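A.B. asks: Handing over protein12.pdb, PDB, C-alpha atoms.
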```pdb
ATOM      1  CA  MET I   1      95.745  65.677 -98.648
ATOM      2  CA  ASP I   2      92.153  64.508 -98.174
ATOM      3  CA  LEU I   3      89.661  66.697-100.027
ATOM      4  CA  SER I   4      87.095  63.932-100.470
ATOM      5  CA  GLU I   5      83.337  64.086-100.086
ATOM      6  CA  SER I   6      83.635  62.850 -96.472
ATOM      7  CA  PHE I   7      86.215  65.571 -95.692
ATOM      8  CA  TRP I   8      83.898  68.338 -96.895
ATOM      9  CA  ASP I   9      80.790  66.802 -95.376
ATOM     10  CA  SER I  10      82.449  66.581 -91.955
ATOM     11  CA  ARG I  11      83.492  70.240 -92.218
ATOM     12  CA  TYR I  12      79.830  71.223 -92.672
ATOM     13  CA  GLN I  13      78.590  68.805 -90.020
ATOM     14  CA  ASN I  14      81.062  70.287 -87.523
ATOM     15  CA  GLN I  15      80.388  73.853 -88.714
ATOM     16  CA  ASP I  16      84.100  74.160 -89.475
ATOM     17  CA  THR I  17      83.448  76.676 -92.254
ATOM     18  CA  ASP I  18      85.485  79.755 -91.425
ATOM     19  CA  TRP I  19      85.409  80.795 -95.108
ATOM     20  CA  ASP I  20      81.619  81.165 -94.917
ATOM     21  CA  LEU I  21      80.635  84.848 -94.759
ATOM     22  CA  GLY I  22      77.082  84.051 -93.629
ATOM     23  CA  GLU I  23      75.727  86.336 -96.359
ATOM     24  CA  VAL I  24      76.089  87.018-100.062
ATOM     25  CA  SER I  25      79.525  88.422-100.856
ATOM     26  CA  LEU I  26      79.179  92.146-101.651
ATOM     27  CA  PRO I  27      81.237  92.125-104.887
ATOM     28  CA  ILE I  28      79.115  89.269-106.232
ATOM     29  CA  LYS I  29      75.876  90.865-105.003
ATOM     30  CA  THR I  30      76.876  94.063-106.829
ATOM     31  CA  TYR I  31      77.324  92.025-110.013
ATOM     32  CA  PHE I  32      73.972  90.289-109.534
ATOM     33  CA  ASP I  33      72.190  93.598-109.026
ATOM     34  CA  GLN I  34      73.033  94.709-112.578
ATOM     35  CA  LEU I  35      71.695  91.507-114.187
ATOM     36  CA  LYS I  36      68.314  92.077-115.838
ATOM     37  CA  ASP I  37      67.596  88.701-117.484
ATOM     38  CA  THR I  38      66.179  86.479-114.735
ATOM     39  CA  SER I  39      65.999  83.532-117.157
ATOM     40  CA  LEU I  40      69.805  83.157-117.207
ATOM     41  CA  LYS I  41      70.971  79.658-116.344
ATOM     42  CA  ILE I  42      73.495  80.074-113.518
ATOM     43  CA  LEU I  43      75.747  77.500-111.824
ATOM     44  CA  ILE I  44      77.423  77.957-108.457
ATOM     45  CA  PRO I  45      79.966  75.129-108.118
ATOM     46  CA  GLY I  46      81.208  74.060-104.706
ATOM     47  CA  ALA I  47      78.344  76.175-103.451
ATOM     48  CA  GLY I  48      78.412  75.262 -99.767
ATOM     49  CA  ASN I  49      75.750  77.248 -97.917
ATOM     50  CA  SER I  50      75.372  79.430-101.018
ATOM     51  CA  TYR I  51      73.973  82.731 -99.891
ATOM     52  CA  GLU I  52      74.592  83.778-103.496
ATOM     53  CA  ALA I  53      72.080  81.210-104.785
ATOM     54  CA  GLU I  54      69.586  82.267-102.128
ATOM     55  CA  TYR I  55      69.943  85.927-103.121
ATOM     56  CA  LEU I  56      69.480  85.163-106.813
ATOM     57  CA  PHE I  57      66.508  82.881-106.230
ATOM     58  CA  LEU I  58      64.733  85.342-103.945
ATOM     59  CA  ASN I  59      65.269  88.015-106.613
ATOM     60  CA  GLY I  60      63.484  86.069-109.330
ATOM     61  CA  PHE I  61      66.272  83.982-110.878
ATOM     62  CA  LYS I  62      64.684  80.545-111.232
ATOM     63  CA  ASN I  63      67.403  78.797-113.282
ATOM     64  CA  VAL I  64      70.034  78.744-110.545
ATOM     65  CA  CYS I  65      71.816  75.452-109.950
ATOM     66  CA  ILE I  66      74.108  74.722-107.038
ATOM     67  CA  ALA I  67      76.515  71.804-106.864
ATOM     68  CA  ASP I  68      78.515  70.513-103.937
ATOM     69  CA  LEU I  69      80.189  67.329-102.751
ATOM     70  CA  SER I  70      78.720  67.843 -99.278
ATOM     71  CA  LYS I  71      75.200  66.546 -98.794
ATOM     72  CA  THR I  72      75.125  68.383 -95.452
ATOM     73  CA  ALA I  73      75.812  71.718 -97.177
ATOM     74  CA  LEU I  74      73.019  71.086 -99.667
ATOM     75  CA  ASP I  75      70.635  70.052 -96.857
ATOM     76  CA  ASN I  76      71.542  73.217 -94.928
ATOM     77  CA  PHE I  77      70.689  75.275 -97.984
ATOM     78  CA  LYS I  78      67.389  73.461 -98.628
ATOM     79  CA  ASN I  79      66.370  73.929 -94.969
ATOM     80  CA  ARG I  80      67.128  77.652 -95.235
ATOM     81  CA  VAL I  81      65.451  78.082 -98.658
ATOM     82  CA  PRO I  82      62.771  75.351 -98.774
ATOM     83  CA  SER I  83      61.120  76.730-101.934
ATOM     84  CA  PHE I  84      64.344  76.334-103.960
ATOM     85  CA  PRO I  85      63.764  73.591-106.576
ATOM     86  CA  SER I  86      65.245  70.289-105.381
ATOM     87  CA  GLU I  87      66.220  69.362-108.934
ATOM     88  CA  ASN I  88      68.562  72.375-108.953
ATOM     89  CA  LEU I  89      70.511  71.022-105.966
ATOM     90  CA  ARG I  90      73.260  68.763-107.298
ATOM     91  CA  HIS I  91      75.084  66.444-104.928
ATOM     92  CA  THR I  92      77.961  65.813-107.310
ATOM     93  CA  ASN I  93      81.541  66.464-108.219
ATOM     94  CA  VAL I  94      81.430  69.455-110.565
ATOM     95  CA  PHE I  95      84.058  67.783-112.743
ATOM     96  CA  ASP I  96      81.443  65.093-113.518
ATOM     97  CA  MET I  97      78.807  67.567-114.734
ATOM     98  CA  ASN I  98      78.054  67.915-118.453
ATOM     99  CA  GLU I  99      75.229  70.439-118.858
ATOM    100  CA  THR I 100      75.906  74.039-119.814
ATOM    101  CA  PHE I 101      75.176  77.411-118.251
ATOM    102  CA  ASP I 102      75.130  81.098-119.152
ATOM    103  CA  ILE I 103      77.070  82.161-116.053
ATOM    104  CA  ILE I 104      79.201  80.311-113.522
ATOM    105  CA  ILE I 105      79.765  82.056-110.198
ATOM    106  CA  GLU I 106      83.140  81.515-108.546
ATOM    107  CA  GLN I 107      82.949  81.956-104.789
ATOM    108  CA  THR I 108      85.595  79.989-102.807
ATOM    109  CA  PHE I 109      85.381  76.834-104.969
ATOM    110  CA  PHE I 110      88.652  77.442-106.823
ATOM    111  CA  CYS I 111      90.590  78.019-103.579
ATOM    112  CA  ALA I 112      89.152  74.818-102.065
ATOM    113  CA  LEU I 113      90.436  72.586-104.864
ATOM    114  CA  ASN I 114      93.792  70.879-104.734
ATOM    115  CA  PRO I 115      96.029  73.358-106.600
ATOM    116  CA  ASN I 116      97.059  70.635-109.051
ATOM    117  CA  LEU I 117      93.468  70.812-110.394
ATOM    118  CA  ARG I 118      93.587  74.500-111.330
ATOM    119  CA  GLU I 119      94.269  74.004-115.014
ATOM    120  CA  ALA I 120      91.575  71.296-115.129
ATOM    121  CA  TYR I 121      89.195  73.729-113.381
ATOM    122  CA  ALA I 122      89.712  76.392-116.053
ATOM    123  CA  LYS I 123      89.121  73.839-118.793
ATOM    124  CA  LYS I 124      86.020  72.413-117.062
ATOM    125  CA  MET I 125      84.462  75.829-116.439
ATOM    126  CA  HIS I 126      84.981  76.573-120.136
ATOM    127  CA  SER I 127      83.204  73.337-121.106
ATOM    128  CA  LEU I 128      80.275  74.042-118.747
ATOM    129  CA  LEU I 129      79.564  77.432-120.311
ATOM    130  CA  ASN I 130      77.315  78.131-123.268
ATOM    131  CA  PRO I 131      78.763  80.166-126.149
ATOM    132  CA  ASN I 132      79.187  83.740-124.838
ATOM    133  CA  GLY I 133      79.111  82.347-121.287
ATOM    134  CA  LYS I 134      80.844  84.069-118.376
ATOM    135  CA  LEU I 135      82.845  82.957-115.357
ATOM    136  CA  VAL I 136      82.310  85.637-112.704
ATOM    137  CA  GLY I 137      83.338  85.936-109.087
ATOM    138  CA  LEU I 138      86.274  86.190-106.743
ATOM    139  CA  LEU I 139      89.728  84.643-106.445
ATOM    140  CA  PHE I 140      92.134  85.131-103.552
ATOM    141  CA  ASP I 141      95.157  87.242-104.446
ATOM    142  CA  LYS I 142      97.512  86.287-101.646
ATOM    143  CA  PRO I 143      99.362  83.252-100.380
ATOM    144  CA  LEU I 144      97.220  81.300 -97.939
ATOM    145  CA  PHE I 145      97.762  77.685 -96.918
ATOM    146  CA  THR I 146      99.779  75.069 -98.776
ATOM    147  CA  GLU I 147      98.725  71.984 -96.820
ATOM    148  CA  ARG I 148      94.962  72.611 -96.624
ATOM    149  CA  PRO I 149      92.274  74.832 -98.115
ATOM    150  CA  PRO I 150      91.845  77.652 -98.720
ATOM    151  CA  PHE I 151      94.749  77.666-101.149
ATOM    152  CA  GLY I 152      95.849  81.111-102.210
ATOM    153  CA  GLY I 153      97.483  82.332-105.349
ATOM    154  CA  SER I 154      98.314  85.319-107.470
ATOM    155  CA  LYS I 155      96.966  87.082-110.518
ATOM    156  CA  ALA I 156     100.093  86.208-112.500
ATOM    157  CA  ALA I 157      99.644  82.496-111.809
ATOM    158  CA  TYR I 158      95.919  82.571-112.552
ATOM    159  CA  ILE I 159      96.481  84.105-115.975
ATOM    160  CA  THR I 160      98.311  80.965-117.085
ATOM    161  CA  TYR I 161      95.290  78.795-116.223
ATOM    162  CA  PHE I 162      92.525  80.967-117.632
ATOM    163  CA  LYS I 163      93.983  82.758-120.670
ATOM    164  CA  PRO I 164      93.816  79.689-122.970
ATOM    165  CA  TYR I 165      90.040  79.403-122.400
ATOM    166  CA  PHE I 166      88.769  82.903-121.614
ATOM    167  CA  GLU I 167      88.974  86.551-122.556
ATOM    168  CA  LEU I 168      89.936  88.192-119.248
ATOM    169  CA  ASP I 169      87.386  91.023-119.419
ATOM    170  CA  ILE I 170      87.640  92.107-115.754
ATOM    171  CA  PHE I 171      90.508  90.891-113.585
ATOM    172  CA  GLU I 172      91.215  93.422-110.850
ATOM    173  CA  THR I 173      91.431  93.915-107.116
ATOM    174  CA  SER I 174      87.930  93.977-105.697
ATOM    175  CA  TYR I 175      87.053  97.460-104.468
ATOM    176  CA  ASN I 176      84.164  96.344-102.240
ATOM    177  CA  SER I 177      85.315  93.185-100.468
ATOM    178  CA  VAL I 178      84.304  92.571 -96.864
ATOM    179  CA  ALA I 179      86.813  93.995 -94.380
ATOM    180  CA  SER I 180      88.406  90.618 -93.586
ATOM    181  CA  ARG I 181      89.212  90.108 -97.294
ATOM    182  CA  GLU I 182      90.074  93.687 -98.236
ATOM    183  CA  ASP I 183      92.934  93.943-100.759
ATOM    184  CA  SER I 184      93.147  90.152-101.010
ATOM    185  CA  GLU I 185      90.444  89.354-103.575
ATOM    186  CA  LEU I 186      90.388  89.686-107.331
ATOM    187  CA  PHE I 187      87.055  90.271-109.004
ATOM    188  CA  ILE I 188      86.859  88.356-112.266
ATOM    189  CA  LYS I 189      84.594  88.398-115.282
ATOM    190  CA  PHE I 190      85.972  86.032-117.871
ATOM    191  CA  LEU I 191      84.261  85.500-121.225
ATOM    192  CA  LYS I 192      84.339  82.074-122.849
ATOM    193  CA  LYS I 193      86.544  81.982-125.966
TER     194      LYS I 193
END
```
Have the structure of the file written as structure tokens, please.
C.D. replies:
Amino acid sequence: MDLSESFWDSRYQNQDTDWDLGEVSLPIKTYFDQLKDTSLKILIPGAGNSYEAEYLFLNGFKNVCIADLSKTALDNFKNRVPSFPSENLRHTNVFDMNETFDIIIEQTFFCALNPNLREAYAKKMHSLLNPNGKLVGLLFDKPLFTERPPFGGSKAAYITYFKPYFELDIFETSYNSVASREDSELFIKFLKK
């Protein structure tokens, strides 16, 4: 299964991004709207077109960093939000990053990874968080594809990956998902152990 940089870049070049909502996801927006400290350092890995980063930035959060393998996705974002700091756009594999953040936002990155990387993902997110850091966002709670992304999963399976590294503060069916994802997303807020 090819999930290389060229695979993802061609998906964005061909606008083959059916996972892209075209706007900030409502459950994540609801979480953002209760954040008061605009100095928080926030990472959105596998950010794609990152409407979440745009929303945060336009609401005064200046320490938002987005990372993606696709240069095209990052260029799309920069064209849409030209005032976003270029140094906060990271054309990199998130697994190669070493800096730390207060919050990491999970929005379709986990489901895009080869499932054999899920344990490594949990460990890496833990290492990228500051003490008291949080992993917040959405995970699919249904079987999806097995031969290509998005890869689905279940709450029971996810617990095995995350419990060694995080306190599972909120881990429940999202009550305000978009209609196409209703009853198939888990909202998570995991606290770094």
A.B. asks: Using all atoms listed in the file for the distances, tell me which of I:Gln15, I:Asn130, I:Pro27, I:Phe61 is nearest to I:Ser174.
C.D. replies: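 Among I:Gln15, I:Asn130, I:Pro27, I:Phe61, it is I:Pro27 that comes nearest to I:Ser174.
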A.B. asks: For I:Pro150, which of I:Ala120, I:Leu135, I:Leu128, I:Ala112 is the closest residue, counting only C-alpha atoms?
C.D. replies: I:Ala112
A.B. asks: Which residues would end up in the selection if the PyMOL selection byres ((chain I and resi 124-127) around 7) were applied here, given that I need the answer as a list in words?
C.D. replies: Phe95, Ala120, Tyr121, Ala122, Lys123, Leu128, Leu129, Tyr165 and Lys192 of chain I
A.B. asks: Could the residues in this selection be saved with C-alpha atoms as a compact mmCIF listing (two decimals), in the frame of the given file?
C.D. replies:
```
# COMPACT_ATOMS: atom_id res chain seq x y z
CA PHE I 95 84.06 67.78 -112.74
CA ALA I 120 91.58 71.30 -115.13
CA TYR I 121 89.20 73.73 -113.38
CA ALA I 122 89.71 76.39 -116.05
CA LYS I 123 89.12 73.84 -118.79
CA LEU I 128 80.28 74.04 -118.75
CA LEU I 129 79.56 77.43 -120.31
CA TYR I 165 90.04 79.40 -122.40
CA LYS I 192 84.34 82.07 -122.85
```
A.B. asks: Can you spell out as number ranges by chain the set of residues that the PyMOL selection byres ((chain I and resi 114) around 12) selects in the structure I just provided?
C.D. replies: I: 1-4, 109-113, 115-121, 145-152
A.B. asks: Which polymer residues have any atom within 9 Å of an atom of I:Leu43, counting only C-alpha atoms, with same-chain residues fewer than 6 positions away left out, as a list in words?
C.D. replies: Ala53, Asn63, Val64, Cys65, Ile66, Ala67, Thr100, Phe101, Asp102, Ile103, Ile104, Ile105 and Leu128 of chain I
A.B. asks: By how many Å are atom CA of I:Leu35 and atom CA of I:Phe57 apart?
C.D. replies: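 About the pair atom CA of I:Leu35 and atom CA of I:Phe57: they are 12.8 Å apart.
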A.B. asks: Evaluate the PyMOL selection byres ((chain I and resi 143) around 6) on the structure here and hand back the selected residues as a PyMOL selection string.
C.D. replies: chain I and resi 142+144+152-153
A.B. asks: With all atoms listed in the file as the basis for distance, which of I:Thr72, I:Glu99, I:Lys36, I:Phe166 is at the shortest distance from I:Asn49?
C.D. replies: I:Thr72
A.B. asks: Choose the residue, out of I:Gln107, I:Asn88, I:Asn132, I:Thr173, that has the smallest atom-to-atom separation from I:Leu191; count only C-alpha atoms.
C.D. replies: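 With only C-alpha atoms as the atom set, the closest residue is I:Asn132.
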A.B. asks: Tell me which of I:Ser25, I:Ser83, I:Thr160, I:Ser39 sits closest to I:Arg181, counting all atoms listed in the file.
C.D. replies: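 Under the stated criterion, the closest residue is I:Ser25.
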A.B. asks: How many Å lie between atom CA of I:Gly48 and atom CA of I:Val81, rounded to one decimal?
C.D. replies: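 One can read the atom CA of I:Gly48 to atom CA of I:Val81 distance as 13.3 Å.
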A.B. asks: What is the distance between atom CA of I:Glu167 and atom CA of I:Leu186, in Å to one decimal?
C.D. replies: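 Separating atom CA of I:Glu167 from atom CA of I:Leu186 is a distance of 15.6 Å.
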A.B. asks: With only C-alpha atoms as the atoms that count, which of I:Lys29, I:Ser177, I:Asn59, I:Glu54 lies nearest to I:Asn79?
C.D. replies: I:Glu54
